[in-house]
>>> print(open('structure_30.pdb').read())   # PDB, C-alpha atoms
ATOM      1  CA  MET A 706       0.000   0.000   0.000  1.00  0.00           C
ATOM      2  CA  TRP A 707       1.238   3.476  -0.921  1.00  0.00           C
ATOM      3  CA  VAL A 708       0.161   6.698   0.827  1.00  0.00           C
ATOM      4  CA  PHE A 709       0.534  10.088  -0.872  1.00  0.00           C
ATOM      5  CA  GLY A 710       1.614  12.936   1.413  1.00  0.00           C
ATOM      6  CA  TYR A 711       1.575  16.580   0.353  1.00  0.00           C
ATOM      7  CA  GLY A 712       1.500  18.368   3.741  1.00  0.00           C
ATOM      8  CA  SER A 713       2.196  17.138   7.257  1.00  0.00           C
ATOM      9  CA  LEU A 714       2.276  13.488   6.161  1.00  0.00           C
ATOM     10  CA  MET A 715       5.621  14.324   4.520  1.00  0.00           C
ATOM     11  CA  TRP A 716       7.274  15.429   7.768  1.00  0.00           C
ATOM     12  CA  ASN A 717       5.131  13.725  10.393  1.00  0.00           C
ATOM     13  CA  PRO A 718       3.584  10.579   8.908  1.00  0.00           C
ATOM     14  CA  GLY A 719       2.974   8.907  12.275  1.00  0.00           C
ATOM     15  CA  PHE A 720       3.436   5.418  10.837  1.00  0.00           C
ATOM     16  CA  GLU A 721       6.258   3.177   9.684  1.00  0.00           C
ATOM     17  CA  TYR A 722       7.034   2.895   5.987  1.00  0.00           C
ATOM     18  CA  PHE A 723       9.782   1.025   4.194  1.00  0.00           C
ATOM     19  CA  ASP A 724      10.137   3.127   1.042  1.00  0.00           C
ATOM     20  CA  ARG A 725       9.574   6.754   0.188  1.00  0.00           C
ATOM     21  CA  GLN A 726       9.764   8.465  -3.164  1.00  0.00           C
ATOM     22  CA  ILE A 727       8.894  11.824  -4.594  1.00  0.00           C
ATOM     23  CA  ALA A 728       5.708  11.443  -6.613  1.00  0.00           C
ATOM     24  CA  THR A 729       3.242  13.487  -8.642  1.00  0.00           C
ATOM     25  CA  LEU A 730      -0.544  13.465  -8.461  1.00  0.00           C
ATOM     26  CA  GLU A 731      -2.328  14.833 -11.529  1.00  0.00           C
ATOM     27  CA  GLY A 732      -5.586  16.791 -11.367  1.00  0.00           C
ATOM     28  CA  TYR A 733      -5.069  18.362  -7.922  1.00  0.00           C
ATOM     29  CA  HIS A 734      -3.033  21.166  -6.404  1.00  0.00           C
ATOM     30  CA  ARG A 735      -1.795  21.707  -2.843  1.00  0.00           C
ATOM     31  CA  SER A 736      -3.714  24.609  -1.302  1.00  0.00           C
ATOM     32  CA  PHE A 737      -4.578  26.127   2.066  1.00  0.00           C
ATOM     33  CA  CYS A 738      -8.244  25.609   1.238  1.00  0.00           C
ATOM     34  CA  MET A 739      -9.554  23.996   4.418  1.00  0.00           C
ATOM     35  CA  ARG A 740     -10.436  25.769   7.631  1.00  0.00           C
ATOM     36  CA  SER A 741      -8.905  23.937  10.605  1.00  0.00           C
ATOM     37  CA  ILE A 742     -11.041  23.839  13.728  1.00  0.00           C
ATOM     38  CA  HIS A 743      -9.164  20.996  15.432  1.00  0.00           C
ATOM     39  CA  HIS A 744      -5.453  20.670  14.658  1.00  0.00           C
ATOM     40  CA  ARG A 745      -4.353  24.229  13.719  1.00  0.00           C
ATOM     41  CA  GLY A 746      -7.257  26.363  14.858  1.00  0.00           C
ATOM     42  CA  THR A 747     -10.476  26.337  16.843  1.00  0.00           C
ATOM     43  CA  ASP A 748     -14.176  26.876  16.166  1.00  0.00           C
ATOM     44  CA  ALA A 749     -13.789  30.446  17.418  1.00  0.00           C
ATOM     45  CA  HIS A 750     -10.572  31.136  15.489  1.00  0.00           C
ATOM     46  CA  PRO A 751     -10.149  28.667  12.599  1.00  0.00           C
ATOM     47  CA  GLY A 752      -6.740  28.162  11.070  1.00  0.00           C
ATOM     48  CA  LEU A 753      -5.972  26.854   7.608  1.00  0.00           C
ATOM     49  CA  VAL A 754      -4.546  23.509   6.580  1.00  0.00           C
ATOM     50  CA  LEU A 755      -3.443  22.151   3.262  1.00  0.00           C
ATOM     51  CA  ALA A 756      -5.672  20.001   1.140  1.00  0.00           C
ATOM     52  CA  LEU A 757      -5.624  18.661  -2.366  1.00  0.00           C
ATOM     53  CA  ASP A 758      -8.065  20.769  -4.353  1.00  0.00           C
ATOM     54  CA  ALA A 759      -9.211  19.412  -7.715  1.00  0.00           C
ATOM     55  CA  ALA A 760      -8.361  21.581 -10.708  1.00  0.00           C
ATOM     56  CA  GLU A 761      -8.158  20.803 -14.396  1.00  0.00           C
ATOM     57  CA  GLY A 762      -4.549  20.642 -15.553  1.00  0.00           C
ATOM     58  CA  ALA A 763      -3.144  20.870 -12.023  1.00  0.00           C
ATOM     59  CA  CYS A 764      -0.533  18.608 -10.475  1.00  0.00           C
ATOM     60  CA  CYS A 765       0.953  18.242  -7.028  1.00  0.00           C
ATOM     61  CA  ASP A 766       4.401  16.943  -6.163  1.00  0.00           C
ATOM     62  CA  GLY A 767       4.618  15.205  -2.819  1.00  0.00           C
ATOM     63  CA  LEU A 768       5.955  12.142  -1.095  1.00  0.00           C
ATOM     64  CA  ALA A 769       4.796   8.568  -1.658  1.00  0.00           C
ATOM     65  CA  LEU A 770       5.236   6.343   1.392  1.00  0.00           C
ATOM     66  CA  LYS A 771       5.101   2.561   0.958  1.00  0.00           C
ATOM     67  CA  VAL A 772       3.603   0.625   3.854  1.00  0.00           C
ATOM     68  CA  ALA A 773       4.368  -3.037   4.505  1.00  0.00           C
ATOM     69  CA  ALA A 774       1.505  -5.362   3.547  1.00  0.00           C
ATOM     70  CA  GLY A 775       1.076  -6.592   7.107  1.00  0.00           C
ATOM     71  CA  LYS A 776       0.724  -3.019   8.373  1.00  0.00           C
ATOM     72  CA  ALA A 777      -1.812  -1.737   5.833  1.00  0.00           C
ATOM     73  CA  GLU A 778      -4.907  -2.183   8.015  1.00  0.00           C
ATOM     74  CA  SER A 779      -3.406  -0.533  11.101  1.00  0.00           C
ATOM     75  CA  VAL A 780      -2.009   2.356   9.018  1.00  0.00           C
ATOM     76  CA  LEU A 781      -5.401   2.908   7.356  1.00  0.00           C
ATOM     77  CA  ASN A 782      -7.096   2.946  10.760  1.00  0.00           C
ATOM     78  CA  TYR A 783      -4.539   5.472  12.022  1.00  0.00           C
ATOM     79  CA  LEU A 784      -4.878   7.678   8.924  1.00  0.00           C
ATOM     80  CA  ARG A 785      -8.678   7.629   9.077  1.00  0.00           C
ATOM     81  CA  GLU A 786      -8.626   8.687  12.720  1.00  0.00           C
ATOM     82  CA  ARG A 787      -6.142  11.452  11.930  1.00  0.00           C
ATOM     83  CA  GLU A 788      -7.369  12.732   8.573  1.00  0.00           C
ATOM     84  CA  LEU A 789     -11.118  12.163   8.692  1.00  0.00           C
ATOM     85  CA  ILE A 790     -11.686  13.932  12.013  1.00  0.00           C
ATOM     86  CA  SER A 791     -14.287  16.293  10.539  1.00  0.00           C
ATOM     87  CA  SER A 792     -15.068  14.616   7.200  1.00  0.00           C
ATOM     88  CA  ALA A 793     -13.705  17.600   5.265  1.00  0.00           C
ATOM     89  CA  TYR A 794     -11.216  15.224   3.641  1.00  0.00           C
ATOM     90  CA  VAL A 795     -12.323  12.376   1.432  1.00  0.00           C
ATOM     91  CA  GLU A 796     -10.217   9.234   1.258  1.00  0.00           C
ATOM     92  CA  ALA A 797      -9.470   8.226  -2.320  1.00  0.00           C
ATOM     93  CA  VAL A 798      -7.181   5.730  -3.994  1.00  0.00           C
ATOM     94  CA  LEU A 799      -5.628   7.623  -6.888  1.00  0.00           C
ATOM     95  CA  PRO A 800      -2.878   6.979  -9.424  1.00  0.00           C
ATOM     96  CA  ILE A 801       0.407   8.733  -8.704  1.00  0.00           C
ATOM     97  CA  THR A 802       3.609   8.729 -10.710  1.00  0.00           C
ATOM     98  CA  LEU A 803       6.777   8.001  -8.788  1.00  0.00           C
ATOM     99  CA  ARG A 804       9.921   9.933  -9.670  1.00  0.00           C
ATOM    100  CA  ASP A 805      11.370   6.743 -11.221  1.00  0.00           C
ATOM    101  CA  GLY A 806       8.437   6.685 -13.704  1.00  0.00           C
ATOM    102  CA  ARG A 807       6.352   3.897 -12.168  1.00  0.00           C
ATOM    103  CA  GLN A 808       2.655   4.559 -11.680  1.00  0.00           C
ATOM    104  CA  VAL A 809       1.076   3.179  -8.493  1.00  0.00           C
ATOM    105  CA  GLN A 810      -2.220   3.549  -6.666  1.00  0.00           C
ATOM    106  CA  ALA A 811      -2.012   5.525  -3.420  1.00  0.00           C
ATOM    107  CA  VAL A 812      -4.307   6.285  -0.525  1.00  0.00           C
ATOM    108  CA  THR A 813      -4.811  10.029  -0.782  1.00  0.00           C
ATOM    109  CA  TYR A 814      -6.836  12.563   1.178  1.00  0.00           C
ATOM    110  CA  VAL A 815      -8.529  15.221  -0.964  1.00  0.00           C
ATOM    111  CA  VAL A 816     -10.799  18.047   0.126  1.00  0.00           C
ATOM    112  CA  ASP A 817     -14.576  17.838  -0.160  1.00  0.00           C
ATOM    113  CA  ALA A 818     -15.354  21.132  -1.904  1.00  0.00           C
ATOM    114  CA  ASP A 819     -18.953  20.928  -0.618  1.00  0.00           C
ATOM    115  CA  HIS A 820     -17.879  20.706   3.042  1.00  0.00           C
ATOM    116  CA  VAL A 821     -18.447  23.734   5.303  1.00  0.00           C
ATOM    117  CA  GLN A 822     -14.691  23.900   6.085  1.00  0.00           C
ATOM    118  CA  TYR A 823     -13.747  24.293   2.419  1.00  0.00           C
ATOM    119  CA  CYS A 824     -12.499  27.785   1.583  1.00  0.00           C
ATOM    120  CA  GLY A 825     -10.770  27.478  -1.780  1.00  0.00           C
ATOM    121  CA  GLY A 826      -9.760  30.638  -3.575  1.00  0.00           C
ATOM    122  CA  LEU A 827      -8.809  32.782  -0.571  1.00  0.00           C
ATOM    123  CA  PRO A 828      -6.204  35.390  -1.594  1.00  0.00           C
ATOM    124  CA  LEU A 829      -2.692  34.543  -0.363  1.00  0.00           C
ATOM    125  CA  ALA A 830      -2.552  37.697   1.781  1.00  0.00           C
ATOM    126  CA  GLU A 831      -5.736  36.640   3.592  1.00  0.00           C
ATOM    127  CA  GLN A 832      -4.338  33.133   4.072  1.00  0.00           C
ATOM    128  CA  ALA A 833      -1.168  34.613   5.593  1.00  0.00           C
ATOM    129  CA  GLY A 834      -3.162  36.700   8.079  1.00  0.00           C
ATOM    130  CA  ILE A 835      -5.093  33.654   9.252  1.00  0.00           C
ATOM    131  CA  ILE A 836      -2.054  31.368   9.465  1.00  0.00           C
ATOM    132  CA  ALA A 837      -0.022  33.947  11.402  1.00  0.00           C
ATOM    133  CA  THR A 838      -2.470  34.011  14.323  1.00  0.00           C
ATOM    134  CA  ALA A 839      -4.298  30.664  14.528  1.00  0.00           C
ATOM    135  CA  VAL A 840      -3.442  27.971  17.091  1.00  0.00           C
ATOM    136  CA  GLY A 841      -5.077  24.552  17.507  1.00  0.00           C
ATOM    137  CA  GLY A 842      -4.691  21.243  19.303  1.00  0.00           C
ATOM    138  CA  ARG A 843      -1.503  20.355  17.415  1.00  0.00           C
ATOM    139  CA  GLY A 844       0.046  23.794  17.804  1.00  0.00           C
ATOM    140  CA  PRO A 845       0.444  27.071  15.938  1.00  0.00           C
ATOM    141  CA  ASN A 846      -0.774  27.257  12.355  1.00  0.00           C
ATOM    142  CA  ASP A 847       2.460  28.954  11.242  1.00  0.00           C
ATOM    143  CA  GLU A 848       4.506  25.991  12.520  1.00  0.00           C
ATOM    144  CA  TYR A 849       2.547  23.715  10.154  1.00  0.00           C
ATOM    145  CA  LEU A 850       3.209  26.067   7.226  1.00  0.00           C
ATOM    146  CA  HIS A 851       6.934  26.463   7.940  1.00  0.00           C
ATOM    147  CA  ASN A 852       7.469  22.717   8.511  1.00  0.00           C
ATOM    148  CA  THR A 853       5.748  21.886   5.240  1.00  0.00           C
ATOM    149  CA  ALA A 854       7.602  24.556   3.242  1.00  0.00           C
ATOM    150  CA  GLY A 855      10.929  23.487   4.776  1.00  0.00           C
ATOM    151  CA  HIS A 856      10.386  19.829   3.975  1.00  0.00           C
ATOM    152  CA  LEU A 857       9.396  20.636   0.406  1.00  0.00           C
ATOM    153  CA  HIS A 858      12.735  22.451   0.033  1.00  0.00           C
ATOM    154  CA  GLU A 859      14.620  19.501   1.534  1.00  0.00           C
ATOM    155  CA  LEU A 860      12.969  17.233  -1.038  1.00  0.00           C
ATOM    156  CA  GLY A 861      13.731  19.638  -3.886  1.00  0.00           C
ATOM    157  CA  ILE A 862      10.041  20.324  -4.519  1.00  0.00           C
ATOM    158  CA  SER A 863       9.138  23.857  -5.572  1.00  0.00           C
ATOM    159  CA  ASP A 864       5.909  25.498  -4.376  1.00  0.00           C
ATOM    160  CA  ASP A 865       5.876  29.244  -5.020  1.00  0.00           C
ATOM    161  CA  ASP A 866       2.660  29.881  -3.057  1.00  0.00           C
ATOM    162  CA  LEU A 867       4.005  28.156   0.074  1.00  0.00           C
ATOM    163  CA  ASP A 868       7.313  30.025  -0.238  1.00  0.00           C
ATOM    164  CA  TRP A 869       5.459  33.353  -0.453  1.00  0.00           C
ATOM    165  CA  LEU A 870       3.176  32.417   2.445  1.00  0.00           C
ATOM    166  CA  SER A 871       6.096  31.309   4.614  1.00  0.00           C
ATOM    167  CA  ALA A 872       7.962  34.589   4.066  1.00  0.00           C
ATOM    168  CA  ARG A 873       4.831  36.702   4.605  1.00  0.00           C
ATOM    169  CA  VAL A 874       3.775  34.834   7.769  1.00  0.00           C
ATOM    170  CA  LYS A 875       7.297  35.222   9.205  1.00  0.00           C
ATOM    171  CA  ALA A 876       7.069  38.964   8.603  1.00  0.00           C
ATOM    172  CA  LEU A 877       3.624  39.150  10.201  1.00  0.00           C
ATOM    173  CA  THR A 878       4.615  37.175  13.296  1.00  0.00           C
ATOM    174  CA  GLU A 879       7.735  39.311  13.765  1.00  0.00           C
ATOM    175  CA  GLN A 880       5.497  42.400  13.876  1.00  0.00           C
ATOM    176  CA  GLN A 881       3.361  40.945  16.680  1.00  0.00           C
TER     177      GLN A 881
END
>>> encode(input="structure_30.pdb", output="structure tokens")
Amino acid sequence: MWVFGYGSLMWNPGFEYFDRQIATLEGYHRSFCMRSIHHRGTDAHPGLVLALDAAEGACCDGLALKVAAGKAESVLNYLRERELISSAYVEAVLPITLRDGRQVQAVTYVVDADHVQYCGGLPLAEQAGIIATAVGGRGPNDEYLHNTAGHLHELGISDDDLDWLSARVKALTEQQ
């Protein structure tokens, strides 16, 4: 079983894997398009978390993690508890292309654009303002952004929006 990570699953998967490869998912882009009321925000002050938002012609580079066959059920249970906390994500098995050219099926969590937490299309400046101040059960929203942006750089994956957001949020938090 393969799992596709594009946000915190890249730097904090929470499960054992025996192979990892950079991979590409077609038809979706990484976006801060989900309001976080649990992990990186609250009901009163929602944060933003990344989700895979469907878009024609889009693609998202991330990390494919291969799980041992005997661990698949326990990893799926863990991921469902972690990722499906508010049903804003939908679990899907989608084709991804590994950096070595192989195509595999991967468990992937995409956003439900009809869910109340969906907020696709927010201007980057508005996203930065939210991320700079929100805090949830797993910590500050800006920590999530900076960890994800940093790990993308370590993997050699470019994401201009996350780079801009990271720089802007740093500037905003320094002003506070």
>>> resolve_selection(input="structure_30.pdb", expression="the PyMOL selection byres ((chain A and resi 724-737) around 6)", output="list in words")
Tyr722, Phe723, Cys738, Met739, Leu753, Val754, Leu755, Ala756, Leu757, Asp758, Ala759, Ala760, Glu761, Gly762, Ala763, Cys764, Cys765, Asp766, Gly767, Leu768, Ala769, Leu770, Lys771, Ile801, Thr802, Leu803 and Arg804 of chain A
>>> closest_residue(input="structure_30.pdb", among="A:Leu829, A:Met706, A:Ala837, A:Ala854", to="Leu781 (chain A)", atoms="only C-alpha atoms")
A:Met706
>>> atom_distance(input="structure_30.pdb", atom1="CA of Leu714 (chain A)", atom2="CA of Glu879 (chain A)")
27.5 Å
>>> resolve_selection(input="structure_30.pdb", expression="the PyMOL selection byres ((chain A and resi 789-794) around 10)", output="short mmCIF file (atom, residue, chain, number, x, y, z; two decimals) with C-alpha atoms, in the coordinates of the input")
data_model
loop_
_atom_site.label_atom_id
_atom_site.label_comp_id
_atom_site.auth_asym_id
_atom_site.auth_seq_id
_atom_site.Cartn_x
_atom_site.Cartn_y
_atom_site.Cartn_z
CA MET A 739 -9.55 24.00 4.42
CA ARG A 740 -10.44 25.77 7.63
CA SER A 741 -8.90 23.94 10.60
CA ILE A 742 -11.04 23.84 13.73
CA HIS A 743 -9.16 21.00 15.43
CA HIS A 744 -5.45 20.67 14.66
CA ALA A 756 -5.67 20.00 1.14
CA LEU A 757 -5.62 18.66 -2.37
CA TYR A 783 -4.54 5.47 12.02
CA LEU A 784 -4.88 7.68 8.92
CA ARG A 785 -8.68 7.63 9.08
CA GLU A 786 -8.63 8.69 12.72
CA ARG A 787 -6.14 11.45 11.93
CA GLU A 788 -7.37 12.73 8.57
CA VAL A 795 -12.32 12.38 1.43
CA GLU A 796 -10.22 9.23 1.26
CA ALA A 797 -9.47 8.23 -2.32
CA THR A 813 -4.81 10.03 -0.78
CA TYR A 814 -6.84 12.56 1.18
CA VAL A 815 -8.53 15.22 -0.96
CA VAL A 816 -10.80 18.05 0.13
CA ASP A 817 -14.58 17.84 -0.16
CA ALA A 818 -15.35 21.13 -1.90
CA ASP A 819 -18.95 20.93 -0.62
CA HIS A 820 -17.88 20.71 3.04
CA VAL A 821 -18.45 23.73 5.30
CA GLN A 822 -14.69 23.90 6.08
CA TYR A 823 -13.75 24.29 2.42
#
>>> residues_around(input="structure_30.pdb", residues="Gln880 (chain A)", least_positions_apart="3", cutoff="12 Å", atoms="all atoms listed in the file", output="PyMOL selection string")
chain A and resi 834+837-838+873-877
>>> atom_distance(input="structure_30.pdb", atom1="CA of Arg807 (chain A)", atom2="CA of Met715 (chain A)")
19.7 Å
>>> atom_distance(input="structure_30.pdb", atom1="CA of Ile862 (chain A)", atom2="CA of Tyr711 (chain A)")
10.5 Å
>>> resolve_selection(input="structure_30.pdb", expression="the PyMOL selection byres ((chain A and resi 868) around 12)", output="VMD selection string")
chain A and resid 829 833 850 to 858 862 to 867 869 to 875
>>> closest_residue(input="structure_30.pdb", among="A:Pro751, A:Gly746, A:Gly861, A:Gly775", to="Gly842 (chain A)", atoms="all atoms listed in the file")
A:Gly746
>>> closest_residue(input="structure_30.pdb", among="A:Glu721, A:Leu799, A:Glu848, A:Ala773", to="Ile836 (chain A)", atoms="all atoms listed in the file")
A:Glu848
>>> axis_aligned_box(input="structure_30.pdb", around="region 715-728 of chain A", padding_each_side="6 Å", output="JSON")
{"center_x": 6.6, "center_y": 8.2, "center_z": 2.8, "size_x": 19.2, "size_y": 26.4, "size_z": 30.9}
>>> closest_residue(input="structure_30.pdb", among="A:Asn782, A:Gln810, A:Thr747, A:Gln881", to="Ala839 (chain A)", atoms="all atoms listed in the file")
A:Thr747
>>> build_atoms(input="structure_30.pdb", residues="region 706-730 of chain A", atoms="N, CA, C and O atoms", output="PDB file, in the coordinates of the input")
ATOM      1  N   MET A 706       0.843  -1.176   0.000  1.00  0.00           N
ATOM      2  CA  MET A 706       0.000   0.000   0.000  1.00  0.00           C
ATOM      3  C   MET A 706       0.891   1.242   0.000  1.00  0.00           C
ATOM      4  O   MET A 706       1.834   1.350   0.776  1.00  0.00           O
ATOM      5  N   TRP A 707       0.566   2.180  -0.869  1.00  0.00           N
ATOM      6  CA  TRP A 707       1.238   3.476  -0.921  1.00  0.00           C
ATOM      7  C   TRP A 707       0.310   4.542  -0.344  1.00  0.00           C
ATOM      8  O   TRP A 707      -0.916   4.471  -0.495  1.00  0.00           O
ATOM      9  N   VAL A 708       0.888   5.542   0.305  1.00  0.00           N
ATOM     10  CA  VAL A 708       0.161   6.698   0.827  1.00  0.00           C
ATOM     11  C   VAL A 708       0.813   7.934   0.224  1.00  0.00           C
ATOM     12  O   VAL A 708       2.046   8.053   0.218  1.00  0.00           O
ATOM     13  N   PHE A 709       0.005   8.856  -0.291  1.00  0.00           N
ATOM     14  CA  PHE A 709       0.534  10.088  -0.872  1.00  0.00           C
ATOM     15  C   PHE A 709       0.428  11.216   0.147  1.00  0.00           C
ATOM     16  O   PHE A 709      -0.649  11.543   0.625  1.00  0.00           O
ATOM     17  N   GLY A 710       1.566  11.808   0.487  1.00  0.00           N
ATOM     18  CA  GLY A 710       1.614  12.936   1.413  1.00  0.00           C
ATOM     19  C   GLY A 710       2.000  14.206   0.693  1.00  0.00           C
ATOM     20  O   GLY A 710       2.918  14.210  -0.134  1.00  0.00           O
ATOM     21  N   TYR A 711       1.307  15.291   0.992  1.00  0.00           N
ATOM     22  CA  TYR A 711       1.575  16.580   0.353  1.00  0.00           C
ATOM     23  C   TYR A 711       1.714  17.699   1.379  1.00  0.00           C
ATOM     24  O   TYR A 711       2.056  18.816   1.043  1.00  0.00           O
ATOM     25  N   GLY A 712       1.414  17.401   2.643  1.00  0.00           N
ATOM     26  CA  GLY A 712       1.500  18.368   3.741  1.00  0.00           C
ATOM     27  C   GLY A 712       2.208  17.712   4.905  1.00  0.00           C
ATOM     28  O   GLY A 712       3.332  17.218   4.771  1.00  0.00           O
ATOM     29  N   SER A 713       1.550  17.654   6.043  1.00  0.00           N
ATOM     30  CA  SER A 713       2.196  17.138   7.257  1.00  0.00           C
ATOM     31  C   SER A 713       2.547  15.651   7.175  1.00  0.00           C
ATOM     32  O   SER A 713       3.432  15.203   7.898  1.00  0.00           O
ATOM     33  N   LEU A 714       1.905  14.903   6.304  1.00  0.00           N
ATOM     34  CA  LEU A 714       2.276  13.488   6.161  1.00  0.00           C
ATOM     35  C   LEU A 714       3.708  13.343   5.633  1.00  0.00           C
ATOM     36  O   LEU A 714       4.330  12.301   5.829  1.00  0.00           O
ATOM     37  N   MET A 715       4.242  14.388   5.006  1.00  0.00           N
ATOM     38  CA  MET A 715       5.621  14.324   4.520  1.00  0.00           C
ATOM     39  C   MET A 715       6.614  14.407   5.675  1.00  0.00           C
ATOM     40  O   MET A 715       7.656  13.775   5.648  1.00  0.00           O
ATOM     41  N   TRP A 716       6.318  15.205   6.680  1.00  0.00           N
ATOM     42  CA  TRP A 716       7.274  15.429   7.768  1.00  0.00           C
ATOM     43  C   TRP A 716       6.840  14.834   9.102  1.00  0.00           C
ATOM     44  O   TRP A 716       7.621  14.796  10.043  1.00  0.00           O
ATOM     45  N   ASN A 717       5.615  14.361   9.173  1.00  0.00           N
ATOM     46  CA  ASN A 717       5.131  13.725  10.393  1.00  0.00           C
ATOM     47  C   ASN A 717       4.109  12.649  10.026  1.00  0.00           C
ATOM     48  O   ASN A 717       2.926  12.783  10.343  1.00  0.00           O
ATOM     49  N   PRO A 718       4.568  11.567   9.362  1.00  0.00           N
ATOM     50  CA  PRO A 718       3.584  10.579   8.908  1.00  0.00           C
ATOM     51  C   PRO A 718       2.889   9.853  10.056  1.00  0.00           C
ATOM     52  O   PRO A 718       1.719   9.508   9.934  1.00  0.00           O
ATOM     53  N   GLY A 719       3.597   9.589  11.144  1.00  0.00           N
ATOM     54  CA  GLY A 719       2.974   8.907  12.275  1.00  0.00           C
ATOM     55  C   GLY A 719       2.847   7.403  12.102  1.00  0.00           C
ATOM     56  O   GLY A 719       2.181   6.746  12.898  1.00  0.00           O
ATOM     57  N   PHE A 720       3.457   6.863  11.059  1.00  0.00           N
ATOM     58  CA  PHE A 720       3.436   5.418  10.837  1.00  0.00           C
ATOM     59  C   PHE A 720       4.744   5.004  10.166  1.00  0.00           C
ATOM     60  O   PHE A 720       5.440   5.829   9.585  1.00  0.00           O
ATOM     61  N   GLU A 721       5.037   3.710  10.291  1.00  0.00           N
ATOM     62  CA  GLU A 721       6.258   3.177   9.684  1.00  0.00           C
ATOM     63  C   GLU A 721       6.029   2.923   8.195  1.00  0.00           C
ATOM     64  O   GLU A 721       4.968   2.471   7.790  1.00  0.00           O
ATOM     65  N   TYR A 722       7.047   3.204   7.406  1.00  0.00           N
ATOM     66  CA  TYR A 722       7.034   2.895   5.987  1.00  0.00           C
ATOM     67  C   TYR A 722       8.408   2.351   5.630  1.00  0.00           C
ATOM     68  O   TYR A 722       9.382   2.582   6.342  1.00  0.00           O
ATOM     69  N   PHE A 723       8.489   1.604   4.538  1.00  0.00           N
ATOM     70  CA  PHE A 723       9.782   1.025   4.194  1.00  0.00           C
ATOM     71  C   PHE A 723      10.354   1.570   2.892  1.00  0.00           C
ATOM     72  O   PHE A 723      11.463   1.236   2.508  1.00  0.00           O
ATOM     73  N   ASP A 724       9.618   2.448   2.228  1.00  0.00           N
ATOM     74  CA  ASP A 724      10.137   3.127   1.042  1.00  0.00           C
ATOM     75  C   ASP A 724       9.451   4.469   0.952  1.00  0.00           C
ATOM     76  O   ASP A 724       8.295   4.620   1.370  1.00  0.00           O
ATOM     77  N   ARG A 725      10.176   5.450   0.434  1.00  0.00           N
ATOM     78  CA  ARG A 725       9.574   6.754   0.188  1.00  0.00           C
ATOM     79  C   ARG A 725      10.173   7.301  -1.087  1.00  0.00           C
ATOM     80  O   ARG A 725      11.369   7.148  -1.338  1.00  0.00           O
ATOM     81  N   GLN A 726       9.316   7.902  -1.893  1.00  0.00           N
ATOM     82  CA  GLN A 726       9.764   8.465  -3.164  1.00  0.00           C
ATOM     83  C   GLN A 726       8.960   9.716  -3.457  1.00  0.00           C
ATOM     84  O   GLN A 726       7.775   9.799  -3.128  1.00  0.00           O
ATOM     85  N   ILE A 727       9.613  10.659  -4.102  1.00  0.00           N
ATOM     86  CA  ILE A 727       8.894  11.824  -4.594  1.00  0.00           C
ATOM     87  C   ILE A 727       7.938  11.337  -5.674  1.00  0.00           C
ATOM     88  O   ILE A 727       8.275  10.462  -6.474  1.00  0.00           O
ATOM     89  N   ALA A 728       6.738  11.880  -5.674  1.00  0.00           N
ATOM     90  CA  ALA A 728       5.708  11.443  -6.613  1.00  0.00           C
ATOM     91  C   ALA A 728       4.846  12.631  -7.027  1.00  0.00           C
ATOM     92  O   ALA A 728       4.830  13.668  -6.359  1.00  0.00           O
ATOM     93  N   THR A 729       4.122  12.445  -8.115  1.00  0.00           N
ATOM     94  CA  THR A 729       3.242  13.487  -8.642  1.00  0.00           C
ATOM     95  C   THR A 729       1.827  12.943  -8.765  1.00  0.00           C
ATOM     96  O   THR A 729       1.623  11.840  -9.269  1.00  0.00           O
ATOM     97  N   LEU A 730       0.881  13.751  -8.312  1.00  0.00           N
ATOM     98  CA  LEU A 730      -0.544  13.465  -8.461  1.00  0.00           C
ATOM     99  C   LEU A 730      -1.113  14.464  -9.459  1.00  0.00           C
ATOM    100  O   LEU A 730      -0.977  15.678  -9.271  1.00  0.00           O
TER     101      LEU A 730
END
